[in-house]
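Visitor: PDB, C-alpha atoms, file input-v2.pdb:
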ATOM      1  CA  MET A   1      -4.134  -2.991  -8.127  1.00  0.00           C
ATOM      2  CA  ASN A   2      -0.610  -1.740  -8.884  1.00  0.00           C
ATOM      3  CA  PRO A   3       0.397  -1.475 -12.571  1.00  0.00           C
ATOM      4  CA  ASN A   4       2.674  -4.450 -11.910  1.00  0.00           C
ATOM      5  CA  PRO A   5       1.805  -6.150  -8.610  1.00  0.00           C
ATOM      6  CA  LEU A   6       4.367  -8.932  -9.032  1.00  0.00           C
ATOM      7  CA  TYR A   7       7.368  -8.796  -6.685  1.00  0.00           C
ATOM      8  CA  VAL A   8      10.235 -11.270  -6.869  1.00  0.00           C
ATOM      9  CA  ALA A   9      11.668 -12.648  -3.624  1.00  0.00           C
ATOM     10  CA  LEU A  10      15.461 -12.600  -3.863  1.00  0.00           C
ATOM     11  CA  ASP A  11      16.133 -14.723  -0.801  1.00  0.00           C
ATOM     12  CA  THR A  12      19.762 -15.581  -1.484  1.00  0.00           C
ATOM     13  CA  PRO A  13      23.097 -14.687   0.154  1.00  0.00           C
ATOM     14  CA  ASP A  14      24.682 -14.469  -3.312  1.00  0.00           C
ATOM     15  CA  LEU A  15      24.832 -10.768  -4.262  1.00  0.00           C
ATOM     16  CA  ALA A  16      25.937 -11.402  -7.833  1.00  0.00           C
ATOM     17  CA  ARG A  17      23.054 -13.804  -8.375  1.00  0.00           C
ATOM     18  CA  ALA A  18      20.549 -11.374  -6.840  1.00  0.00           C
ATOM     19  CA  LEU A  19      21.780  -8.577  -9.110  1.00  0.00           C
ATOM     20  CA  GLN A  20      21.660 -10.802 -12.178  1.00  0.00           C
ATOM     21  CA  LEU A  21      18.113 -11.947 -11.392  1.00  0.00           C
ATOM     22  CA  ALA A  22      17.018  -8.337 -10.947  1.00  0.00           C
ATOM     23  CA  ARG A  23      18.544  -7.454 -14.323  1.00  0.00           C
ATOM     24  CA  ASP A  24      17.094 -10.510 -16.037  1.00  0.00           C
ATOM     25  CA  LEU A  25      13.623  -9.752 -14.726  1.00  0.00           C
ATOM     26  CA  GLY A  26      13.737  -6.019 -15.381  1.00  0.00           C
ATOM     27  CA  THR A  27      10.275  -4.549 -15.881  1.00  0.00           C
ATOM     28  CA  ALA A  28       8.685  -8.010 -15.901  1.00  0.00           C
ATOM     29  CA  VAL A  29       8.245  -7.485 -12.143  1.00  0.00           C
ATOM     30  CA  GLY A  30       7.045  -4.481 -10.171  1.00  0.00           C
ATOM     31  CA  GLY A  31       9.547  -4.764  -7.350  1.00  0.00           C
ATOM     32  CA  ILE A  32      12.037  -6.802  -5.352  1.00  0.00           C
ATOM     33  CA  LYS A  33      11.631  -8.399  -1.939  1.00  0.00           C
ATOM     34  CA  LEU A  34      14.877  -8.833  -0.047  1.00  0.00           C
ATOM     35  CA  GLY A  35      14.660 -11.445   2.685  1.00  0.00           C
ATOM     36  CA  LEU A  36      16.653 -12.142   5.813  1.00  0.00           C
ATOM     37  CA  GLU A  37      19.121 -14.463   4.076  1.00  0.00           C
ATOM     38  CA  PHE A  38      20.185 -11.676   1.711  1.00  0.00           C
ATOM     39  CA  LEU A  39      20.043  -8.955   4.355  1.00  0.00           C
ATOM     40  CA  SER A  40      22.098 -10.967   6.849  1.00  0.00           C
ATOM     41  CA  ALA A  41      24.792 -11.462   4.229  1.00  0.00           C
ATOM     42  CA  HIS A  42      24.907  -7.952   2.741  1.00  0.00           C
ATOM     43  CA  GLY A  43      23.042  -5.519   5.023  1.00  0.00           C
ATOM     44  CA  PRO A  44      22.475  -1.893   3.991  1.00  0.00           C
ATOM     45  CA  ASP A  45      25.103  -2.031   1.226  1.00  0.00           C
ATOM     46  CA  GLY A  46      23.235  -4.906  -0.394  1.00  0.00           C
ATOM     47  CA  ILE A  47      20.002  -2.922  -0.326  1.00  0.00           C
ATOM     48  CA  ARG A  48      21.754   0.044  -1.940  1.00  0.00           C
ATOM     49  CA  ARG A  49      23.139  -2.175  -4.709  1.00  0.00           C
ATOM     50  CA  LEU A  50      19.714  -3.593  -5.524  1.00  0.00           C
ATOM     51  CA  LEU A  51      18.116  -0.143  -5.455  1.00  0.00           C
ATOM     52  CA  GLU A  52      20.538   0.854  -8.204  1.00  0.00           C
ATOM     53  CA  GLU A  53      18.663  -1.545 -10.506  1.00  0.00           C
ATOM     54  CA  GLY A  54      15.745   0.886 -10.448  1.00  0.00           C
ATOM     55  CA  LEU A  55      13.033  -1.319  -8.926  1.00  0.00           C
ATOM     56  CA  PRO A  56      11.177  -0.658  -5.648  1.00  0.00           C
ATOM     57  CA  VAL A  57      12.589  -2.674  -2.760  1.00  0.00           C
ATOM     58  CA  PHE A  58      10.516  -4.349  -0.045  1.00  0.00           C
ATOM     59  CA  ALA A  59      12.818  -5.052   2.911  1.00  0.00           C
ATOM     60  CA  ASP A  60      11.395  -8.200   4.502  1.00  0.00           C
ATOM     61  CA  VAL A  61      13.041  -7.605   7.881  1.00  0.00           C
ATOM     62  CA  LYS A  62      10.168  -8.741  10.147  1.00  0.00           C
ATOM     63  CA  PHE A  63      11.219  -6.564  13.089  1.00  0.00           C
ATOM     64  CA  HIS A  64       9.989  -7.871  16.446  1.00  0.00           C
ATOM     65  CA  ASP A  65      11.453  -6.239  19.558  1.00  0.00           C
ATOM     66  CA  ILE A  66      10.679  -3.565  22.131  1.00  0.00           C
ATOM     67  CA  PRO A  67       9.268  -0.351  20.619  1.00  0.00           C
ATOM     68  CA  ASN A  68      12.392   1.766  21.109  1.00  0.00           C
ATOM     69  CA  THR A  69      14.631  -0.810  19.441  1.00  0.00           C
ATOM     70  CA  VAL A  70      12.273  -1.259  16.508  1.00  0.00           C
ATOM     71  CA  ALA A  71      11.990   2.515  16.070  1.00  0.00           C
ATOM     72  CA  GLY A  72      15.771   2.863  15.884  1.00  0.00           C
ATOM     73  CA  ALA A  73      16.104   0.002  13.433  1.00  0.00           C
ATOM     74  CA  ALA A  74      13.275   1.399  11.296  1.00  0.00           C
ATOM     75  CA  ARG A  75      14.869   4.861  11.132  1.00  0.00           C
ATOM     76  CA  ALA A  76      18.150   3.364   9.935  1.00  0.00           C
ATOM     77  CA  LEU A  77      16.390   1.206   7.358  1.00  0.00           C
ATOM     78  CA  CYS A  78      14.117   3.939   6.017  1.00  0.00           C
ATOM     79  CA  GLY A  79      17.081   6.181   5.265  1.00  0.00           C
ATOM     80  CA  LEU A  80      18.163   3.775   2.527  1.00  0.00           C
ATOM     81  CA  GLY A  81      15.296   4.602   0.175  1.00  0.00           C
ATOM     82  CA  ILE A  82      13.254   1.406   0.385  1.00  0.00           C
ATOM     83  CA  SER A  83       9.572   1.352  -0.587  1.00  0.00           C
ATOM     84  CA  MET A  84       8.251  -1.029   2.088  1.00  0.00           C
ATOM     85  CA  PHE A  85       9.332  -2.916   5.187  1.00  0.00           C
ATOM     86  CA  ASN A  86       7.567  -5.069   7.750  1.00  0.00           C
ATOM     87  CA  VAL A  87       7.290  -5.836  11.436  1.00  0.00           C
ATOM     88  CA  HIS A  88       5.605  -8.685  13.285  1.00  0.00           C
ATOM     89  CA  ALA A  89       2.092  -7.680  14.364  1.00  0.00           C
ATOM     90  CA  SER A  90       2.515  -9.958  17.376  1.00  0.00           C
ATOM     91  CA  GLY A  91       5.035  -7.399  18.685  1.00  0.00           C
ATOM     92  CA  GLY A  92       2.016  -5.375  19.801  1.00  0.00           C
ATOM     93  CA  LEU A  93       0.345  -2.027  19.246  1.00  0.00           C
ATOM     94  CA  ALA A  94       3.082   0.183  20.743  1.00  0.00           C
ATOM     95  CA  MET A  95       5.811  -1.512  18.727  1.00  0.00           C
ATOM     96  CA  MET A  96       3.906  -1.078  15.456  1.00  0.00           C
ATOM     97  CA  GLN A  97       3.154   2.554  16.241  1.00  0.00           C
ATOM     98  CA  ALA A  98       6.847   3.154  16.926  1.00  0.00           C
ATOM     99  CA  ALA A  99       7.767   1.628  13.550  1.00  0.00           C
ATOM    100  CA  LYS A 100       5.246   3.792  11.716  1.00  0.00           C
ATOM    101  CA  GLU A 101       6.364   6.961  13.478  1.00  0.00           C
ATOM    102  CA  ALA A 102       9.987   6.201  12.599  1.00  0.00           C
ATOM    103  CA  ALA A 103       9.031   5.651   8.963  1.00  0.00           C
ATOM    104  CA  ARG A 104       7.323   9.049   8.844  1.00  0.00           C
ATOM    105  CA  SER A 105      10.638  10.718   9.677  1.00  0.00           C
ATOM    106  CA  ALA A 106      12.219   9.526   6.417  1.00  0.00           C
ATOM    107  CA  ALA A 107      12.577  11.895   3.456  1.00  0.00           C
ATOM    108  CA  ALA A 108      10.451   9.491   1.414  1.00  0.00           C
ATOM    109  CA  PRO A 109       8.464   7.477   3.987  1.00  0.00           C
ATOM    110  CA  PRO A 110       8.095   3.811   3.013  1.00  0.00           C
ATOM    111  CA  LYS A 111       4.970   1.807   3.635  1.00  0.00           C
ATOM    112  CA  VAL A 112       4.976  -0.211   6.851  1.00  0.00           C
ATOM    113  CA  LEU A 113       3.357  -3.642   6.837  1.00  0.00           C
ATOM    114  CA  ALA A 114       2.563  -6.095   9.601  1.00  0.00           C
ATOM    115  CA  VAL A 115       3.298  -9.798   9.305  1.00  0.00           C
ATOM    116  CA  THR A 116       0.273 -11.684  10.593  1.00  0.00           C
ATOM    117  CA  VAL A 117       0.755 -15.479  10.482  1.00  0.00           C
ATOM    118  CA  LEU A 118       3.648 -16.902   8.462  1.00  0.00           C
ATOM    119  CA  THR A 119       2.525 -18.851   5.384  1.00  0.00           C
ATOM    120  CA  SER A 120       4.566 -21.832   6.567  1.00  0.00           C
ATOM    121  CA  LEU A 121       2.277 -22.260   9.608  1.00  0.00           C
ATOM    122  CA  GLY A 122      -0.918 -24.275   9.824  1.00  0.00           C
ATOM    123  CA  PRO A 123      -3.491 -24.738  12.629  1.00  0.00           C
ATOM    124  CA  ASP A 124      -1.427 -27.356  14.454  1.00  0.00           C
ATOM    125  CA  ASP A 125       1.580 -25.038  14.524  1.00  0.00           C
ATOM    126  CA  LEU A 126      -0.456 -22.237  16.100  1.00  0.00           C
ATOM    127  CA  THR A 127      -1.781 -24.594  18.757  1.00  0.00           C
ATOM    128  CA  ARG A 128       1.736 -25.693  19.673  1.00  0.00           C
ATOM    129  CA  VAL A 129       2.833 -22.091  20.290  1.00  0.00           C
ATOM    130  CA  GLY A 130      -0.214 -21.318  22.394  1.00  0.00           C
ATOM    131  CA  GLN A 131      -2.371 -19.595  19.769  1.00  0.00           C
ATOM    132  CA  GLY A 132      -5.346 -21.894  19.567  1.00  0.00           C
ATOM    133  CA  GLY A 133      -8.205 -21.419  17.146  1.00  0.00           C
ATOM    134  CA  LYS A 134      -8.421 -20.881  13.405  1.00  0.00           C
ATOM    135  CA  VAL A 135      -5.544 -19.397  11.441  1.00  0.00           C
ATOM    136  CA  GLU A 136      -7.959 -16.956   9.803  1.00  0.00           C
ATOM    137  CA  ASP A 137      -9.159 -15.648  13.150  1.00  0.00           C
ATOM    138  CA  GLN A 138      -5.585 -14.961  14.272  1.00  0.00           C
ATOM    139  CA  VAL A 139      -4.735 -13.241  10.983  1.00  0.00           C
ATOM    140  CA  VAL A 140      -7.781 -10.967  11.193  1.00  0.00           C
ATOM    141  CA  ARG A 141      -7.114 -10.152  14.850  1.00  0.00           C
ATOM    142  CA  LEU A 142      -3.544  -9.083  14.063  1.00  0.00           C
ATOM    143  CA  ALA A 143      -4.566  -7.226  10.889  1.00  0.00           C
ATOM    144  CA  ALA A 144      -7.115  -5.183  12.836  1.00  0.00           C
ATOM    145  CA  LEU A 145      -4.446  -4.359  15.428  1.00  0.00           C
ATOM    146  CA  ALA A 146      -2.078  -3.253  12.643  1.00  0.00           C
ATOM    147  CA  ARG A 147      -4.743  -0.953  11.222  1.00  0.00           C
ATOM    148  CA  GLU A 148      -5.328   0.498  14.685  1.00  0.00           C
ATOM    149  CA  ALA A 149      -1.586   1.175  14.900  1.00  0.00           C
ATOM    150  CA  GLY A 150      -1.758   3.176  11.674  1.00  0.00           C
ATOM    151  CA  LEU A 151       0.167   0.725   9.501  1.00  0.00           C
ATOM    152  CA  ASP A 152      -0.386   0.683   5.751  1.00  0.00           C
ATOM    153  CA  GLY A 153      -1.262  -2.978   5.431  1.00  0.00           C
ATOM    154  CA  VAL A 154      -0.358  -6.552   6.200  1.00  0.00           C
ATOM    155  CA  VAL A 155       1.419  -9.581   4.881  1.00  0.00           C
ATOM    156  CA  CYS A 156      -0.897 -12.576   4.896  1.00  0.00           C
ATOM    157  CA  SER A 157      -1.611 -15.656   2.834  1.00  0.00           C
ATOM    158  CA  ALA A 158      -4.128 -15.414   0.011  1.00  0.00           C
ATOM    159  CA  ARG A 159      -6.500 -17.617   1.981  1.00  0.00           C
ATOM    160  CA  GLU A 160      -7.129 -14.834   4.502  1.00  0.00           C
ATOM    161  CA  ILE A 161      -7.503 -11.917   2.072  1.00  0.00           C
ATOM    162  CA  ALA A 162     -11.303 -11.794   2.027  1.00  0.00           C
ATOM    163  CA  ALA A 163     -11.509 -11.837   5.821  1.00  0.00           C
ATOM    164  CA  VAL A 164      -8.858  -9.108   6.150  1.00  0.00           C
ATOM    165  CA  ARG A 165     -10.635  -6.954   3.555  1.00  0.00           C
ATOM    166  CA  LYS A 166     -13.892  -7.260   5.466  1.00  0.00           C
ATOM    167  CA  ALA A 167     -12.229  -6.317   8.750  1.00  0.00           C
ATOM    168  CA  CYS A 168      -9.867  -3.589   7.514  1.00  0.00           C
ATOM    169  CA  GLY A 169     -11.370  -2.055   4.360  1.00  0.00           C
ATOM    170  CA  GLU A 170     -10.434  -1.581   0.718  1.00  0.00           C
ATOM    171  CA  ASP A 171      -7.669   0.958   1.335  1.00  0.00           C
ATOM    172  CA  PHE A 172      -5.637  -1.484   3.444  1.00  0.00           C
ATOM    173  CA  LEU A 173      -2.664  -2.908   1.520  1.00  0.00           C
ATOM    174  CA  ILE A 174      -2.498  -6.695   1.351  1.00  0.00           C
ATOM    175  CA  VAL A 175       0.801  -8.279   0.338  1.00  0.00           C
ATOM    176  CA  THR A 176       0.591 -11.989  -0.332  1.00  0.00           C
ATOM    177  CA  PRO A 177       3.531 -14.414  -0.303  1.00  0.00           C
ATOM    178  CA  GLY A 178       3.244 -18.116  -1.011  1.00  0.00           C
ATOM    179  CA  ILE A 179       2.176 -17.567  -4.620  1.00  0.00           C
ATOM    180  CA  ARG A 180       2.690 -20.625  -6.811  1.00  0.00           C
ATOM    181  CA  PRO A 181       1.772 -21.200 -10.466  1.00  0.00           C
ATOM    182  CA  PRO A 182      -0.401 -24.290 -11.057  1.00  0.00           C
ATOM    183  CA  GLY A 183       1.671 -27.452 -10.618  1.00  0.00           C
ATOM    184  CA  ALA A 184       4.610 -25.754  -8.868  1.00  0.00           C
ATOM    185  CA  GLN A 185       6.279 -27.312  -5.823  1.00  0.00           C
ATOM    186  CA  LEU A 186       5.060 -25.926  -2.496  1.00  0.00           C
ATOM    187  CA  GLY A 187       8.457 -25.990  -0.776  1.00  0.00           C
ATOM    188  CA  ASP A 188       8.037 -24.935   2.883  1.00  0.00           C
ATOM    189  CA  GLN A 189       4.833 -22.998   2.227  1.00  0.00           C
ATOM    190  CA  VAL A 190       1.528 -24.359   3.544  1.00  0.00           C
ATOM    191  CA  ARG A 191      -1.179 -21.779   2.770  1.00  0.00           C
ATOM    192  CA  VAL A 192      -0.640 -21.023  -0.933  1.00  0.00           C
ATOM    193  CA  MET A 193      -2.609 -19.912  -4.009  1.00  0.00           C
ATOM    194  CA  THR A 194      -2.031 -19.397  -7.712  1.00  0.00           C
ATOM    195  CA  PRO A 195      -1.670 -15.828  -9.056  1.00  0.00           C
ATOM    196  CA  ARG A 196      -5.166 -15.988 -10.547  1.00  0.00           C
ATOM    197  CA  GLU A 197      -6.721 -17.124  -7.265  1.00  0.00           C
ATOM    198  CA  ALA A 198      -4.859 -14.502  -5.229  1.00  0.00           C
ATOM    199  CA  VAL A 199      -5.910 -11.630  -7.486  1.00  0.00           C
ATOM    200  CA  ARG A 200      -9.506 -12.795  -7.494  1.00  0.00           C
ATOM    201  CA  ALA A 201      -9.341 -12.874  -3.702  1.00  0.00           C
ATOM    202  CA  GLY A 202      -8.182  -9.241  -3.706  1.00  0.00           C
ATOM    203  CA  ALA A 203      -4.401  -9.244  -3.192  1.00  0.00           C
ATOM    204  CA  ASP A 204      -2.597  -5.957  -3.939  1.00  0.00           C
ATOM    205  CA  ILE A 205       0.946  -7.310  -4.270  1.00  0.00           C
ATOM    206  CA  LEU A 206       1.966 -10.908  -5.006  1.00  0.00           C
ATOM    207  CA  VAL A 207       5.386 -12.103  -3.831  1.00  0.00           C
ATOM    208  CA  VAL A 208       6.899 -14.967  -5.827  1.00  0.00           C
ATOM    209  CA  GLY A 209      10.183 -16.656  -5.027  1.00  0.00           C
ATOM    210  CA  ARG A 210      11.382 -20.006  -6.286  1.00  0.00           C
ATOM    211  CA  PRO A 211       9.012 -20.306  -9.269  1.00  0.00           C
ATOM    212  CA  LEU A 212      10.817 -17.235 -10.661  1.00  0.00           C
ATOM    213  CA  THR A 213      14.316 -17.490  -9.224  1.00  0.00           C
ATOM    214  CA  GLY A 214      14.582 -21.179 -10.118  1.00  0.00           C
ATOM    215  CA  ALA A 215      13.290 -20.773 -13.673  1.00  0.00           C
ATOM    216  CA  ALA A 216      15.508 -21.117 -16.731  1.00  0.00           C
ATOM    217  CA  ASN A 217      13.960 -17.899 -18.057  1.00  0.00           C
ATOM    218  CA  PRO A 218      12.683 -15.869 -15.085  1.00  0.00           C
ATOM    219  CA  ALA A 219      11.359 -12.976 -17.200  1.00  0.00           C
ATOM    220  CA  GLU A 220       9.325 -15.312 -19.391  1.00  0.00           C
ATOM    221  CA  VAL A 221       7.713 -16.926 -16.335  1.00  0.00           C
ATOM    222  CA  ALA A 222       7.071 -13.512 -14.759  1.00  0.00           C
ATOM    223  CA  LEU A 223       5.422 -12.173 -17.915  1.00  0.00           C
ATOM    224  CA  SER A 224       3.238 -15.290 -18.116  1.00  0.00           C
ATOM    225  CA  MET A 225       2.157 -14.790 -14.510  1.00  0.00           C
ATOM    226  CA  LEU A 226       1.552 -11.088 -15.139  1.00  0.00           C
ATOM    227  CA  ALA A 227      -0.653 -11.920 -18.137  1.00  0.00           C
ATOM    228  CA  GLU A 228      -2.639 -14.269 -15.904  1.00  0.00           C
ATOM    229  CA  ILE A 229      -3.019 -11.523 -13.299  1.00  0.00           C
ATOM    230  CA  LYS A 230      -4.133  -8.961 -15.863  1.00  0.00           C
ATOM    231  CA  SER A 231      -6.673 -11.363 -17.337  1.00  0.00           C
ATOM    232  CA  VAL A 232      -8.399 -11.380 -13.952  1.00  0.00           C
ATOM    233  CA  SER A 233      -7.958  -7.745 -12.950  1.00  0.00           C
ATOM    234  CA  GLY A 234      -8.714  -6.313 -16.388  1.00  0.00           C
TER     235      GLY A 234
END
If you convert what's in this file into structure tokens, what do you get?
Guide:
Amino acid sequence: MNPNPLYVALDTPDLARALQLARDLGTAVGGIKLGLEFLSAHGPDGIRRLLEEGLPVFADVKFHDIPNTVAGAARALCGLGISMFNVHASGGLAMMQAAKEAARSAAAPPKVLAVTVLTSLGPDDLTRVGQGGKVEDQVVRLAALAREAGLDGVVCSAREIAAVRKACGEDFLIVTPGIRPPGAQLGDQVRVMTPREAVRAGADILVVGRPLTGAANPAEVALSMLAEIKSVSG
């Protein structure tokens, strides 16, 4: 478990707000996740501005294209100094290998993660896109493929952590979005857990969005969640 495994999701096109949230949270979080809404609005310059706040940045880009295109995009992204980025595991083995090889060329290679099944999707959604069967089975299948490709870990919901650990081992990084404190609104997430449940399940990094970014005092909420995490992890 990281010293502070709590990452805040700054999924906003408002640069000033993102910077203020990062400053307000400070060391109450272990890092920042920048999503597609922010990245589409501000691109590399936005990443550089957030990196100036001194926290690790997880670029949630979810690359999914032919291997050569993903490799080129990954090389450009890795030159910015980010700590992590992700690709869709469903892009296939060659695409993931290309992303990892591109990351290795950076002066400070970031970790490369594979997105398995989005936390907004349930069994019915998978069936409608032609991926029948249990969500857990699909997550584990894609996680195993990511490990074969040499990636550092996966993004999956807390509900699949135990199965991924069994299939991929203890040294495989598991980043878990869809974290909600007890009683919080689910929003568009389907497969969610509380911080306590996710840590008990074995998550390495917990990504929290609206419960932090929508709070009157984000740092206070983050510190409360961190205390809950530490009470489980010791």
Visitor: Calculated over only C-alpha atoms, which of the candidates A:Gln131, A:Gln138, A:Thr116, A:Thr12 has the smallest distance to Thr213 (chain A)?
Guide: A:Thr12
Visitor: Determine, counting all atoms listed in the file, which protein, DNA and RNA residues have an atom within 6 Å of an atom of Ser83 (chain A); residues of the same chain fewer than 6 positions away are not included. Present the result as a count of residues only.
Guide: 4
Visitor: Using only C-alpha atoms, can you tell me which of A:Lys33, A:His42, A:Arg48, A:Lys100 comes closest to Leu206 (chain A)?
Guide: A:Lys33
Visitor: Since I can't run it myself right now, could you work out what the PyMOL selection byres ((chain A and resi 175) around 8) selects here and report it as a list in words?
Guide: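 What the PyMOL selection byres ((chain A and resi 175) around 8) grabs from the file is Gly153, Val154, Val155, Cys156, Leu173, Ile174, Thr176, Pro177, Ala203, Asp204, Ile205, Leu206 and Val207 of chain A.
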Visitor: Pick out the closest residue to Gly209 (chain A) from this set: A:Met225, A:Ile179, A:Val117, A:Val61. Count only C-alpha atoms.
Guide: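 Looking at the shortest contact to Gly209 (chain A), the residue is A:Ile179.
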Visitor: Just so the selection is clear, what residues does the PyMOL selection byres ((chain A and resi 59) around 10) cover here, as a list of chain:residue names?
Guide: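 Applied to this file, the PyMOL selection byres ((chain A and resi 59) around 10) returns A:Ile32, A:Lys33, A:Leu34, A:Gly35, A:Leu36, A:Phe38, A:Leu39, A:Ile47, A:Pro56, A:Val57, A:Phe58, A:Asp60, A:Val61, A:Lys62, A:Leu77, A:Cys78, A:Ile82, A:Ser83, A:Met84, A:Phe85, A:Asn86.
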Visitor: What is the distance, in Å and to one decimal place, between CA of Ala74 (chain A) and CA of Val135 (chain A)?
Guide: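 That distance, rounded to one decimal, is 28.0 Å.
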Visitor: Looking at A:Leu151, A:Ala219, A:Val29, A:Ala108, which one is nearest to Met95 (chain A), with distances taken over only C-alpha atoms?
Guide: A:Leu151
Visitor: A:Asp65, A:Gly81, A:Gly46, A:Pro195: which is nearest Pro211 (chain A), counting all atoms listed in the file?
Guide: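 The answer is A:Pro195, which sits nearest to Pro211 (chain A).
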Visitor: In file coordinates, which residues lie within 8 Å of (5.9, -5.5, 22.0) using all atoms listed in the file, given as a CSV table (one decimal) with C-alpha atoms, in the frame of the given file?
Guide:
chain,number,residue,atom,x,y,z
A,64,HIS,CA,10.0,-7.9,16.4
A,65,ASP,CA,11.5,-6.2,19.6
A,66,ILE,CA,10.7,-3.6,22.1
A,67,PRO,CA,9.3,-0.4,20.6
A,90,SER,CA,2.5,-10.0,17.4
A,91,GLY,CA,5.0,-7.4,18.7
A,92,GLY,CA,2.0,-5.4,19.8
A,93,LEU,CA,0.3,-2.0,19.2
A,94,ALA,CA,3.1,0.2,20.7
A,95,MET,CA,5.8,-1.5,18.7
Visitor: Please indicate the distance in Å from CA of Arg128 (chain A) to CA of Ile161 (chain A), rounded to one decimal place.
Guide: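 Going from CA of Arg128 (chain A) over to CA of Ile161 (chain A), I get 24.2 Å.
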Visitor: Written as a ChimeraX atom specification, what is the full residue list that the PyMOL selection byres ((chain A and resi 170) around 12) yields on the file shown?
Guide: /A:1,147,152-153,161-169,171-174,202-204
Visitor: Just how far from CA of Gly132 (chain A) is CA of Ala198 (chain A), in Å to one decimal?
Guide: 25.9 Å
Visitor: Reconstruct N, CA and C atoms of region 77-88 of chain A; output as a PDB file, in the frame of the given file.
Guide:
ATOM      1  N   LEU A  77      16.806   1.885   8.582  1.00  0.00           N
ATOM      2  CA  LEU A  77      16.390   1.206   7.358  1.00  0.00           C
ATOM      3  C   LEU A  77      15.734   2.171   6.381  1.00  0.00           C
ATOM      4  N   CYS A  78      14.877   3.035   6.888  1.00  0.00           N
ATOM      5  CA  CYS A  78      14.117   3.939   6.017  1.00  0.00           C
ATOM      6  C   CYS A  78      15.006   4.958   5.318  1.00  0.00           C
ATOM      7  N   GLY A  79      16.168   5.243   5.893  1.00  0.00           N
ATOM      8  CA  GLY A  79      17.081   6.181   5.265  1.00  0.00           C
ATOM      9  C   GLY A  79      17.727   5.661   3.995  1.00  0.00           C
ATOM     10  N   LEU A  80      17.530   4.372   3.698  1.00  0.00           N
ATOM     11  CA  LEU A  80      18.163   3.775   2.527  1.00  0.00           C
ATOM     12  C   LEU A  80      17.377   4.006   1.235  1.00  0.00           C
ATOM     13  N   GLY A  81      16.097   4.370   1.367  1.00  0.00           N
ATOM     14  CA  GLY A  81      15.296   4.602   0.175  1.00  0.00           C
ATOM     15  C   GLY A  81      14.415   3.444  -0.240  1.00  0.00           C
ATOM     16  N   ILE A  82      14.136   2.537   0.692  1.00  0.00           N
ATOM     17  CA  ILE A  82      13.254   1.406   0.385  1.00  0.00           C
ATOM     18  C   ILE A  82      11.808   1.885   0.220  1.00  0.00           C
ATOM     19  N   SER A  83      10.986   1.023  -0.374  1.00  0.00           N
ATOM     20  CA  SER A  83       9.572   1.352  -0.587  1.00  0.00           C
ATOM     21  C   SER A  83       8.659   0.773   0.490  1.00  0.00           C
ATOM     22  N   MET A  84       9.060  -0.369   1.065  1.00  0.00           N
ATOM     23  CA  MET A  84       8.251  -1.029   2.088  1.00  0.00           C
ATOM     24  C   MET A  84       9.162  -1.800   3.036  1.00  0.00           C
ATOM     25  N   PHE A  85       8.704  -1.967   4.274  1.00  0.00           N
ATOM     26  CA  PHE A  85       9.332  -2.916   5.187  1.00  0.00           C
ATOM     27  C   PHE A  85       8.253  -3.437   6.126  1.00  0.00           C
ATOM     28  N   ASN A  86       8.591  -4.468   6.901  1.00  0.00           N
ATOM     29  CA  ASN A  86       7.567  -5.069   7.750  1.00  0.00           C
ATOM     30  C   ASN A  86       8.060  -5.327   9.174  1.00  0.00           C
ATOM     31  N   VAL A  87       7.075  -5.481  10.037  1.00  0.00           N
ATOM     32  CA  VAL A  87       7.290  -5.836  11.436  1.00  0.00           C
ATOM     33  C   VAL A  87       6.300  -6.946  11.772  1.00  0.00           C
ATOM     34  N   HIS A  88       6.556  -7.660  12.847  1.00  0.00           N
ATOM     35  CA  HIS A  88       5.605  -8.685  13.285  1.00  0.00           C
ATOM     36  C   HIS A  88       4.473  -8.031  14.086  1.00  0.00           C
TER      37      HIS A  88
END
